[in-house]
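Reproduced below: input33.cif, with mmCIF, C-alpha atoms.
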data_upload
#
loop_
_atom_site.label_atom_id
_atom_site.label_comp_id
_atom_site.auth_asym_id
_atom_site.auth_seq_id
_atom_site.Cartn_x
_atom_site.Cartn_y
_atom_site.Cartn_z
CA MET A 1 -68.46 46.87 24.68
CA ILE A 2 -68.77 50.61 25.00
CA PRO A 3 -66.59 51.85 27.85
CA SER A 4 -68.56 52.69 30.95
CA SER A 5 -71.82 52.26 29.17
CA PRO A 6 -74.85 51.78 31.38
CA GLU A 7 -75.07 48.31 29.79
CA ALA A 8 -71.58 47.41 31.00
CA ARG A 9 -72.43 48.58 34.49
CA GLU A 10 -75.65 46.62 34.50
CA ALA A 11 -73.83 43.53 33.23
CA LEU A 12 -71.32 43.89 36.03
CA GLU A 13 -73.97 44.41 38.69
CA ALA A 14 -75.84 41.32 37.51
CA ALA A 15 -72.65 39.25 37.44
CA MET A 16 -71.70 40.38 40.95
CA LEU A 17 -75.08 39.35 42.31
CA ARG A 18 -74.88 35.96 40.62
CA MET A 19 -71.37 35.55 41.99
CA ALA A 20 -72.59 36.31 45.51
CA LYS A 21 -74.94 33.36 45.13
CA GLY A 22 -72.03 31.07 44.37
CA ASP A 23 -72.19 31.03 40.57
CA ARG A 24 -68.65 30.40 39.33
CA ALA A 25 -69.43 31.37 35.76
CA ALA A 26 -70.40 34.78 37.12
CA LEU A 27 -66.90 35.26 38.52
CA GLU A 28 -65.54 34.81 35.01
CA ASP A 29 -67.93 37.48 33.77
CA VAL A 30 -66.79 39.82 36.54
CA TYR A 31 -63.19 39.08 35.57
CA ARG A 32 -63.85 39.77 31.90
CA LEU A 33 -65.51 43.09 32.70
CA THR A 34 -63.04 44.38 35.27
CA SER A 35 -59.62 42.71 35.03
CA VAL A 36 -58.21 45.32 32.63
CA LYS A 37 -59.02 48.12 35.04
CA LEU A 38 -57.89 46.23 38.13
CA PHE A 39 -54.66 45.00 36.53
CA GLY A 40 -53.82 48.60 35.64
CA ILE A 41 -54.37 49.59 39.27
CA CYS A 42 -52.26 46.73 40.67
CA LEU A 43 -49.46 47.44 38.23
CA ARG A 44 -49.52 51.13 38.99
CA ILE A 45 -49.12 50.47 42.71
CA LEU A 46 -46.68 47.56 42.51
CA GLN A 47 -44.59 48.61 39.48
CA ASP A 48 -43.80 45.00 38.67
CA ARG A 49 -45.73 42.77 36.31
CA LYS A 50 -45.18 39.55 38.22
CA GLU A 51 -46.25 41.17 41.46
CA ALA A 52 -49.23 42.78 39.78
CA GLU A 53 -50.30 39.43 38.32
CA ASP A 54 -50.05 37.76 41.72
CA ALA A 55 -51.98 40.63 43.28
CA LEU A 56 -54.70 40.40 40.65
CA GLN A 57 -55.02 36.66 41.14
CA ASP A 58 -55.27 37.27 44.88
CA VAL A 59 -57.95 39.93 44.33
CA TYR A 60 -60.29 37.65 42.35
CA ILE A 61 -59.75 34.64 44.57
CA THR A 62 -60.44 36.73 47.67
CA LEU A 63 -63.43 38.23 45.91
CA TRP A 64 -64.81 34.79 45.19
CA ARG A 65 -64.23 33.55 48.71
CA ASN A 66 -65.73 36.66 50.25
CA ALA A 67 -68.50 37.17 47.76
CA ASP A 68 -70.74 38.03 50.69
CA ARG A 69 -68.85 41.27 51.15
CA TYR A 70 -70.44 42.73 48.08
CA ASP A 71 -73.53 44.68 48.87
CA GLY A 72 -75.73 44.48 45.82
CA THR A 73 -77.49 47.72 46.64
CA ARG A 74 -74.36 49.78 46.20
CA ALA A 75 -74.39 52.06 43.23
CA SER A 76 -71.03 51.24 41.76
CA PRO A 77 -69.51 47.78 41.82
CA ILE A 78 -66.53 48.97 39.79
CA ALA A 79 -65.72 51.60 42.46
CA TRP A 80 -65.95 48.92 45.12
CA LEU A 81 -63.73 46.55 43.17
CA ALA A 82 -61.20 49.26 42.34
CA THR A 83 -60.92 50.22 46.01
CA PHE A 84 -60.58 46.57 46.94
CA ALA A 85 -57.84 45.94 44.36
CA ARG A 86 -55.96 49.08 45.27
CA ASN A 87 -56.04 48.27 48.98
CA ARG A 88 -54.85 44.70 48.38
CA ALA A 89 -52.01 45.97 46.19
CA VAL A 90 -50.98 48.52 48.85
CA ASP A 91 -51.11 45.76 51.51
CA ARG A 92 -48.81 43.69 49.33
CA LEU A 93 -46.47 46.64 48.92
CA ARG A 94 -46.43 47.28 52.67
CA SER A 95 -45.78 43.61 53.45
CA GLY A 96 -42.15 44.35 52.68
CA LYS A 97 -41.82 41.46 50.28
CA VAL A 98 -42.12 43.60 47.19
CA ARG A 99 -38.96 45.19 45.97
CA ARG A 100 -39.54 48.46 44.31
CA GLY A 101 -37.19 51.22 43.40
CA ALA A 102 -37.88 54.90 43.64
CA VAL A 103 -39.95 55.41 40.52
CA SER A 104 -41.03 58.90 39.64
CA VAL A 105 -44.64 59.71 38.95
CA ASP A 106 -43.89 60.02 35.24
CA GLU A 107 -42.13 56.69 35.09
CA ALA A 108 -45.01 55.10 36.90
CA ALA A 109 -47.44 56.55 34.42
CA ASP A 110 -45.32 55.31 31.49
CA LEU A 111 -45.27 51.78 32.77
CA SER A 112 -49.00 51.48 33.02
CA ASP A 113 -49.76 53.55 29.95
CA ASP A 114 -47.87 51.45 27.45
CA ARG A 115 -50.84 49.46 26.23
CA PRO A 116 -53.97 51.22 27.31
CA ALA A 117 -56.99 49.06 26.78
CA ALA A 118 -59.98 50.54 25.07
CA ASP A 119 -62.54 48.73 27.14
CA THR A 120 -61.49 49.97 30.55
CA MET A 121 -64.50 50.60 32.68
CA LEU A 122 -64.41 54.02 34.27
CA ILE A 123 -65.38 54.44 37.88
CA ASP A 124 -66.69 57.90 37.38
CA ALA A 125 -68.37 57.53 34.04
CA GLU A 126 -68.86 61.22 33.41
CA ARG A 127 -65.64 62.36 35.04
CA GLU A 128 -67.72 64.67 37.17
CA ALA A 129 -66.55 63.41 40.54
CA ARG A 130 -65.75 66.27 42.83
CA VAL A 131 -62.37 64.87 43.73
CA HIS A 132 -61.02 65.71 40.26
CA THR A 133 -62.13 69.33 40.39
CA CYS A 134 -61.19 69.66 44.04
CA LEU A 135 -57.69 68.30 43.54
CA GLU A 136 -57.17 71.08 41.02
CA THR A 137 -57.91 73.67 43.69
CA LEU A 138 -55.08 72.40 45.89
CA ASP A 139 -51.60 73.81 45.90
CA GLU A 140 -49.32 71.71 43.69
CA LYS A 141 -47.24 70.82 46.77
CA GLN A 142 -50.33 69.25 48.31
CA ARG A 143 -51.79 67.76 45.15
CA THR A 144 -48.69 65.92 43.94
CA PRO A 145 -48.01 63.97 47.13
CA ILE A 146 -51.70 63.17 47.62
CA ARG A 147 -51.91 61.74 44.11
CA ASN A 148 -48.57 60.01 44.56
CA ALA A 149 -49.68 58.40 47.82
CA PHE A 150 -53.01 57.25 46.49
CA LEU A 151 -52.01 56.20 42.98
CA ASN A 152 -48.48 54.95 43.64
CA GLY A 153 -48.78 53.70 47.20
CA ARG A 154 -46.09 56.02 48.51
CA THR A 155 -45.48 56.41 52.24
CA TYR A 156 -45.01 59.71 54.06
CA ALA A 157 -41.29 58.98 54.35
CA GLU A 158 -40.93 58.35 50.61
CA LEU A 159 -42.94 61.44 49.73
CA ALA A 160 -40.85 63.61 52.04
CA GLU A 161 -37.68 62.26 50.48
CA GLN A 162 -38.96 62.83 46.95
CA ALA A 163 -39.90 66.40 47.76
CA GLY A 164 -36.74 66.99 49.79
CA VAL A 165 -38.63 68.22 52.83
CA PRO A 166 -38.70 67.01 56.45
CA LEU A 167 -41.21 64.27 57.27
CA GLY A 168 -43.22 66.61 59.50
CA THR A 169 -43.57 69.13 56.69
CA MET A 170 -44.85 66.49 54.30
CA LYS A 171 -47.37 65.22 56.83
CA SER A 172 -48.53 68.76 57.37
CA TRP A 173 -48.92 69.44 53.62
CA ILE A 174 -50.90 66.29 53.08
CA ARG A 175 -53.12 66.73 56.12
CA ARG A 176 -53.91 70.28 55.11
CA GLY A 177 -54.51 69.16 51.56
CA LEU A 178 -56.87 66.42 52.74
CA HIS A 179 -58.72 68.91 54.90
CA ARG A 180 -59.23 71.23 51.94
CA LEU A 181 -60.15 68.30 49.74
CA ARG A 182 -62.85 67.20 52.15
CA GLU A 183 -64.25 70.73 52.46
CA CYS A 184 -64.34 71.10 48.70
CA VAL A 185 -65.85 67.67 47.99
CA GLU A 186 -68.53 68.20 50.62
CA ARG A 187 -69.54 71.54 49.19
CA GLY A 188 -70.33 69.71 45.98
CA GLU A 189 -72.11 66.73 47.51
CA MET B 190 -39.86 74.69 59.32
CA SER B 191 -39.32 77.91 57.42
CA ALA B 192 -42.11 80.21 56.38
CA ALA B 193 -41.51 79.21 52.75
CA ASP B 194 -41.96 75.51 53.60
CA ASP B 195 -45.21 76.31 55.26
CA GLN B 196 -46.63 78.17 52.29
CA PRO B 197 -48.58 75.36 50.59
CA GLY B 198 -49.97 74.33 53.87
CA SER B 199 -52.01 77.26 54.99
CA GLY B 200 -55.29 76.34 56.54
CA PRO B 201 -56.24 73.73 59.11
CA GLU B 202 -54.94 70.18 59.08
CA LEU B 203 -57.22 67.22 59.13
CA SER B 204 -57.20 65.86 62.66
CA GLY B 205 -58.58 63.17 64.94
CA ASP B 206 -60.71 60.38 63.57
CA GLU B 207 -61.10 62.10 60.20
CA ARG B 208 -57.34 62.14 59.83
CA GLN B 209 -56.94 58.51 60.84
CA ALA B 210 -59.72 57.48 58.45
CA ALA B 211 -58.30 59.53 55.59
CA GLU B 212 -54.76 58.30 56.12
CA TYR B 213 -56.03 54.72 56.17
CA ALA B 214 -58.00 55.24 52.96
CA MET B 215 -54.96 56.89 51.37
CA GLY B 216 -52.77 53.93 52.33
CA LEU B 217 -50.47 56.16 54.37
CA LEU B 218 -50.57 54.15 57.58
CA GLU B 219 -47.95 51.56 58.43
CA SER B 220 -47.20 48.88 61.01
CA GLU B 221 -48.76 49.52 64.44
CA ALA B 222 -50.87 52.45 63.28
CA LEU B 223 -52.24 50.31 60.46
CA LEU B 224 -53.07 47.41 62.79
CA ALA B 225 -54.70 49.69 65.32
CA THR B 226 -56.79 51.32 62.59
CA ARG B 227 -57.94 47.95 61.26
CA GLY B 228 -58.98 47.09 64.78
CA ARG B 229 -61.09 50.24 65.00
CA ILE B 230 -62.69 49.55 61.61
CA ALA B 231 -63.63 46.08 62.78
CA ARG B 232 -65.28 47.21 65.98
CA GLU B 233 -66.42 50.81 65.50
CA PRO B 234 -69.13 51.19 62.88
CA ALA B 235 -69.00 54.99 63.04
CA PHE B 236 -65.28 55.01 62.36
CA ALA B 237 -65.67 52.41 59.60
CA GLY B 238 -68.22 54.77 58.08
CA LEU B 239 -65.67 57.58 58.00
CA VAL B 240 -63.18 55.32 56.22
CA ALA B 241 -65.83 54.31 53.69
CA GLN B 242 -66.66 57.97 53.06
CA TRP B 243 -63.02 58.71 52.36
CA GLU B 244 -62.73 55.70 50.07
CA LYS B 245 -65.72 56.91 48.12
CA ARG B 246 -64.28 60.41 47.86
CA LEU B 247 -60.90 59.22 46.68
CA VAL B 248 -61.74 56.28 44.41
CA PRO B 249 -62.48 58.35 41.27
CA MET B 250 -58.76 59.23 41.27
CA LEU B 251 -58.21 55.66 40.06
CA ASP B 252 -59.73 56.68 36.74
CA ASP B 253 -56.40 58.35 36.04
CA VAL B 254 -54.82 54.90 35.94
CA GLU B 255 -54.92 53.37 32.50
CA GLY B 256 -56.18 49.83 32.29
CA LEU B 257 -54.01 47.08 30.95
CA ALA B 258 -54.98 43.60 29.84
CA PRO B 259 -53.51 40.95 32.15
CA PRO B 260 -51.84 37.98 30.45
CA PRO B 261 -54.43 35.48 29.13
CA GLU B 262 -53.19 32.63 31.34
CA LEU B 263 -54.03 34.55 34.50
CA TRP B 264 -57.68 33.59 34.33
CA SER B 265 -56.74 29.90 34.13
CA ARG B 266 -54.59 30.31 37.24
CA ILE B 267 -57.51 31.88 39.10
CA ALA B 268 -59.97 29.25 37.87
CA SER B 269 -57.76 26.33 38.86
CA ASP B 270 -57.00 27.88 42.24
CA ILE B 271 -60.72 28.16 42.92
CA GLU B 272 -61.31 24.56 41.82
CA ASP B 273 -58.59 23.38 44.21
CA GLY B 274 -59.63 25.43 47.18
CA ALA B 275 -62.53 24.51 49.37
CA GLY B 276 -64.21 27.76 48.51
CA GLU B 277 -67.37 26.86 50.33
CA SER B 278 -65.74 26.87 53.71
CA GLU B 279 -64.73 30.49 53.35
CA VAL B 280 -68.16 31.90 52.80
CA VAL B 281 -68.90 32.00 56.47
CA SER B 282 -70.24 34.16 59.20
CA LEU B 283 -71.94 36.62 56.94
CA HIS B 284 -73.98 38.07 59.69
CA ARG B 285 -70.91 38.72 61.81
CA ARG B 286 -68.95 40.36 59.12
CA VAL B 287 -70.54 43.72 58.87
CA VAL B 288 -67.98 45.32 56.68
CA LEU B 289 -66.93 48.71 55.60
CA TRP B 290 -69.02 49.30 52.56
CA GLN B 291 -72.09 47.70 54.00
CA ARG B 292 -71.93 49.88 57.05
CA VAL B 293 -72.59 53.09 55.20
CA ALA B 294 -75.45 51.54 53.35
CA ALA B 295 -78.94 52.42 54.44
CA GLY B 296 -80.65 50.25 57.02
CA SER B 297 -82.76 48.66 54.34
CA ALA B 298 -79.65 47.73 52.42
CA VAL B 299 -78.21 46.04 55.46
CA ALA B 300 -81.43 44.14 55.86
CA ALA B 301 -81.27 43.12 52.22
CA VAL B 302 -77.75 41.84 52.71
CA ALA B 303 -78.82 39.89 55.76
CA ALA B 304 -81.69 38.37 53.81
CA LEU B 305 -79.34 37.44 51.02
CA ALA B 306 -77.00 35.93 53.58
CA LEU B 307 -79.73 33.67 54.87
CA LEU B 308 -80.34 32.41 51.38
CA LEU B 309 -76.67 32.13 50.62
CA VAL B 310 -75.50 30.16 53.61
CA PRO B 311 -77.50 26.98 53.07
CA LEU B 312 -76.81 27.20 49.39
CA VAL B 313 -73.05 27.28 49.65
CA GLN B 314 -72.90 24.93 52.59
CA ALA B 315 -74.96 22.31 50.81
CA PRO B 316 -71.96 20.16 49.85
CA GLY B 317 -71.28 19.81 53.57
CA PRO B 318 -67.90 20.13 55.24
CA ALA B 319 -65.24 19.12 52.78
CA PRO B 320 -63.46 15.86 53.59
CA ALA B 321 -60.41 17.88 54.41
CA GLN B 322 -58.82 15.55 56.93
CA GLU B 323 -56.22 14.46 54.42
CA SER B 324 -55.15 18.05 53.75
CA ALA B 325 -51.75 19.20 54.85
CA PRO B 326 -51.61 20.70 58.34
CA LEU B 327 -51.32 24.46 58.58
CA VAL B 328 -48.54 25.74 60.77
CA ALA B 329 -47.67 29.19 62.05
CA SER B 330 -44.41 29.91 63.77
CA ILE B 331 -44.58 33.10 65.78
CA PRO B 332 -41.23 34.54 66.83
CA ILE B 333 -41.15 36.47 70.08
CA ALA B 334 -39.22 39.66 69.50
CA ASP B 335 -35.69 39.87 70.88
CA THR B 336 -35.74 36.27 72.05
CA PRO B 337 -34.99 32.94 70.38
CA LEU B 338 -38.46 31.80 71.44
CA ARG B 339 -41.30 30.89 69.15
CA ILE B 340 -44.88 29.95 69.62
CA GLY B 341 -45.94 27.13 67.36
CA VAL B 342 -49.52 26.86 66.16
CA THR B 343 -50.64 23.78 64.25
CA TYR B 344 -54.03 23.23 62.70
CA ILE B 345 -55.18 20.05 60.99
CA PRO B 346 -57.79 21.02 58.39
CA GLY B 347 -61.23 19.71 59.21
CA ARG B 348 -60.64 19.53 62.96
CA GLU B 349 -62.12 21.85 65.52
CA GLU B 350 -59.03 22.18 67.60
CA LEU B 351 -55.63 23.74 67.51
CA LEU B 352 -52.28 22.64 68.89
CA VAL B 353 -50.46 25.51 70.59
CA ALA B 354 -46.86 25.02 71.67
CA ALA B 355 -45.63 27.67 74.09
CA GLU B 356 -42.98 25.70 75.95
CA GLY B 357 -40.33 28.38 76.19
CA LEU B 358 -42.64 31.00 77.61
CA SER B 359 -43.17 31.92 81.22
CA ALA B 360 -45.99 33.95 82.69
CA ASP B 361 -45.11 37.44 83.94
CA GLY B 362 -47.96 37.51 86.42
CA VAL B 363 -49.18 40.87 85.12
CA HIS B 364 -50.43 40.01 81.69
CA ASP B 365 -51.96 37.17 79.82
CA HIS B 366 -51.17 36.62 76.17
CA GLU B 367 -53.93 35.77 73.78
CA LEU B 368 -53.84 34.29 70.28
CA TRP B 369 -56.02 35.67 67.51
CA LEU B 370 -56.84 34.61 64.02
CA ARG B 371 -56.99 37.27 61.36
CA PRO B 372 -58.37 35.65 58.20
CA PRO B 373 -57.13 36.98 54.85
CA GLY B 374 -59.09 39.96 53.62
CA GLU B 375 -58.28 43.48 54.55
CA ASP B 376 -61.05 44.01 57.03
CA ALA B 377 -61.79 40.48 58.09
CA GLN B 378 -62.87 40.22 61.69
CA VAL B 379 -60.24 38.97 64.12
CA GLN B 380 -61.27 35.97 66.20
CA SER B 381 -59.87 34.97 69.57
CA LEU B 382 -58.10 31.62 69.73
CA GLY B 383 -57.80 31.80 73.48
CA ILE B 384 -55.20 32.62 76.08
CA ILE B 385 -51.76 31.07 75.85
CA ALA B 386 -50.75 28.71 78.62
CA PRO B 387 -47.04 29.48 79.04
CA GLY B 388 -44.69 26.53 79.31
CA THR B 389 -47.15 24.03 77.85
CA GLN B 390 -48.14 22.32 74.67
CA LYS B 391 -51.90 22.26 74.59
CA ARG B 392 -54.86 21.35 72.48
CA VAL B 393 -57.20 24.28 72.23
CA PRO B 394 -60.81 23.66 71.15
CA LEU B 395 -62.06 25.95 68.39
CA GLU B 396 -65.50 27.25 67.67
CA ARG B 397 -66.74 25.64 64.50
CA GLU B 398 -66.94 28.99 62.79
CA THR B 399 -63.38 29.85 63.80
CA ALA B 400 -62.13 26.47 62.59
CA ARG B 401 -63.65 27.20 59.21
CA SER B 402 -61.65 30.41 58.99
CA MET B 403 -58.31 28.65 59.44
CA HIS B 404 -56.78 28.97 56.02
CA GLU B 405 -53.39 29.24 54.50
CA GLY B 406 -52.31 32.86 54.59
CA ALA B 407 -54.39 33.76 57.63
CA GLN B 408 -52.45 35.64 60.24
CA ILE B 409 -52.06 34.54 63.83
CA LEU B 410 -51.55 37.43 66.20
CA LEU B 411 -50.28 37.37 69.76
CA SER B 412 -51.60 40.17 71.93
CA GLN B 413 -50.86 41.33 75.42
CA GLU B 414 -53.97 41.42 77.58
CA PRO B 415 -54.98 41.97 81.15
CA ILE B 416 -55.07 38.80 83.26
CA GLY B 417 -58.04 36.79 82.10
CA GLY B 418 -57.72 37.80 78.47
CA ALA B 419 -59.21 40.50 76.30
CA PRO B 420 -62.43 41.87 77.80
CA ASP B 421 -63.82 42.44 74.32
CA LYS B 422 -63.38 39.36 72.14
CA SER B 423 -63.59 41.39 68.96
CA ALA B 424 -60.69 43.61 69.93
CA PRO B 425 -57.18 42.41 70.69
CA GLY B 426 -54.95 44.46 72.95
CA PRO B 427 -51.48 45.50 71.73
CA VAL B 428 -50.18 42.95 69.21
CA VAL B 429 -46.72 41.85 70.32
CA ALA B 430 -45.96 39.13 67.76
CA GLU B 431 -47.47 37.59 64.67
CA GLY B 432 -47.06 34.78 62.18
CA THR B 433 -48.82 33.42 59.11
CA LEU B 434 -50.51 30.05 58.69
CA LEU B 435 -48.67 28.10 56.02
CA LYS B 436 -49.10 24.64 54.55
CA THR B 437 -46.46 22.21 55.73
#
So that I can check it, write out the structure of this file as structure tokens.
Amino acid sequence: MIPSSPEAREALEAAMLRMAKGDRAALEDVYRLTSVKLFGICLRILQDRKEAEDALQDVYITLWRNADRYDGTRASPIAWLATFARNRAVDRLRSGKVRRGAVSVDEAADLSDDRPAADTMLIDAEREARVHTCLETLDEKQRTPIRNAFLNGRTYAELAEQAGVPLGTMKSWIRRGLHRLRECVERGE
Amino acid sequence: MSAADDQPGSGPELSGDERQAAEYAMGLLESEALLATRGRIAREPAFAGLVAQWEKRLVPMLDDVEGLAPPPELWSRIASDIEDGAGESEVVSLHRRVVLWQRVAAGSAVAAVAALALLLVPLVQAPGPAPAQESAPLVASIPIADTPLRIGVTYIPGREELLVAAEGLSADGVHDHELWLRPPGEDAQVQSLGIIAPGTQKRVPLERETARSMHEGAQILLSQEPIGGAPDKSAPGPVVAEGTLLKT
């Protein structure tokens, strides 16, 4: 399957709608089309294969049991699923049951980059989403913690420690960065 | 903070609801702030819309995460878990669960979802309530902070009642305490399980819909409320203790 092809998106949309009607075979299709992407996301957040596997299992079971939550008129099921998986993984991380050391951004990237799969479905097929361009306009001291919070599930306290700045300073950097990010994204919308 | 520290942060900070929504979408909120925000998402469509906007803005960042194939046996685990579970009982209350992503959809989309829900409910409920009486009871033990006391909640699958043991507790005369069910799922709607009767062990009748949401892993929250219980049954007051429903 061609990554992010319109065909792959259509296949996923169709499978999601069938799944919402209670078709179990459709869940397997959704899994086949999205599990590579979602496993990458869970692993990136949780930094532990066992935890990431449990999280992924939890994601698809919850998806099946809450199939009604999918709104078939939404443009991008993969964006919806990616958000869902990321949020579940962050919940798991915040539950306090996951042990995770202080892993640097680079280490985190290494762990999830070791066997990149060719058929990963991209959320933003053309890589034109404003957030990418807008992140580049931020100061590095804003951009790094914002990426690190979103992609690695870091808390304010962890980010402040990593950067060696007081908690209040880190909150201020991120809140200013998010303000600029919103302004920039909205200019392009 | 020195002037040098402040350098990357020139310009206004995000504030108010936008900040709360963004910090939620970023995953930066913890403990009480996180609970309070989930409460707002559940009961304030406008705020839920802000969160959804932020999620949409941020989600393309996940394209920077490389995919990785999960181990082949994971699908079997998921499939067998679904076979075991009474999946049908969880597809409930579609019309009540107006969730995040649906809220930002156009009115017509919401209508479409509602129409789909009408079709879906009879379809998935067709097998009828599972003969779940033989299933293991679900139990939540809710420790009361700084005391050796616990509230015990027992639910026998298939029943429409709950056993609530609150023997050690005494009423303070100023507040009531109310139990809530928070089903698994990050923005599942909380449901009131009623006010605690301190010093008693009581059977509490459940709405059929609530009974169907009693599942392993669901959280039971204890909130502090004005006498008479929460005025708004979709919004608990401050959560003072919580536990998780587990199979015995």
Interatomic distance, atom CA of Gln413 of chain B to atom CA of Gly426 of chain B (Å, one decimal):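 Taking atom CA of Gln413 of chain B and atom CA of Gly426 of chain B, their separation equals 5.7 Å.
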Test item: the PyMOL selection byres ((chain A and resi 28) around 10) resolved as a ChimeraX atom specification: /A:15,19,23-27,29-35,60 /B:264,267-268
Among the residues B:Pro259, B:Gly418, B:Pro425, B:Gly432, the one that comes closest to chain A [using only C-alpha atoms]: B:Pro259
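For the choices B:Gly238, B:Gly383, B:Gly200, B:Gly341, the atom-to-atom distance to Asp139 of chain A is smallest for B:Gly200 when using all atoms listed in the file.
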Hits of the PyMOL selection byres ((chain A and resi 156) around 7) in this structure, as a list in words: Arg154, Thr155, Ala157, Glu158, Leu159, Ala160, Leu167, Met170 and Lys171 of chain A; Leu217 of chain B
Shell of 8 Å around Ala430 of chain B, all atoms listed in the file, local chain residues under 5 positions omitted, as JSON, numbers by chain: {"B": [331, 332, 333, 334, 410, 411, 412]}
A:Glu136, A:Ala79, A:Arg94, A:Arg187 ranked by distance to Leu247 of chain B, top pick (using all atoms listed in the file): A:Ala79
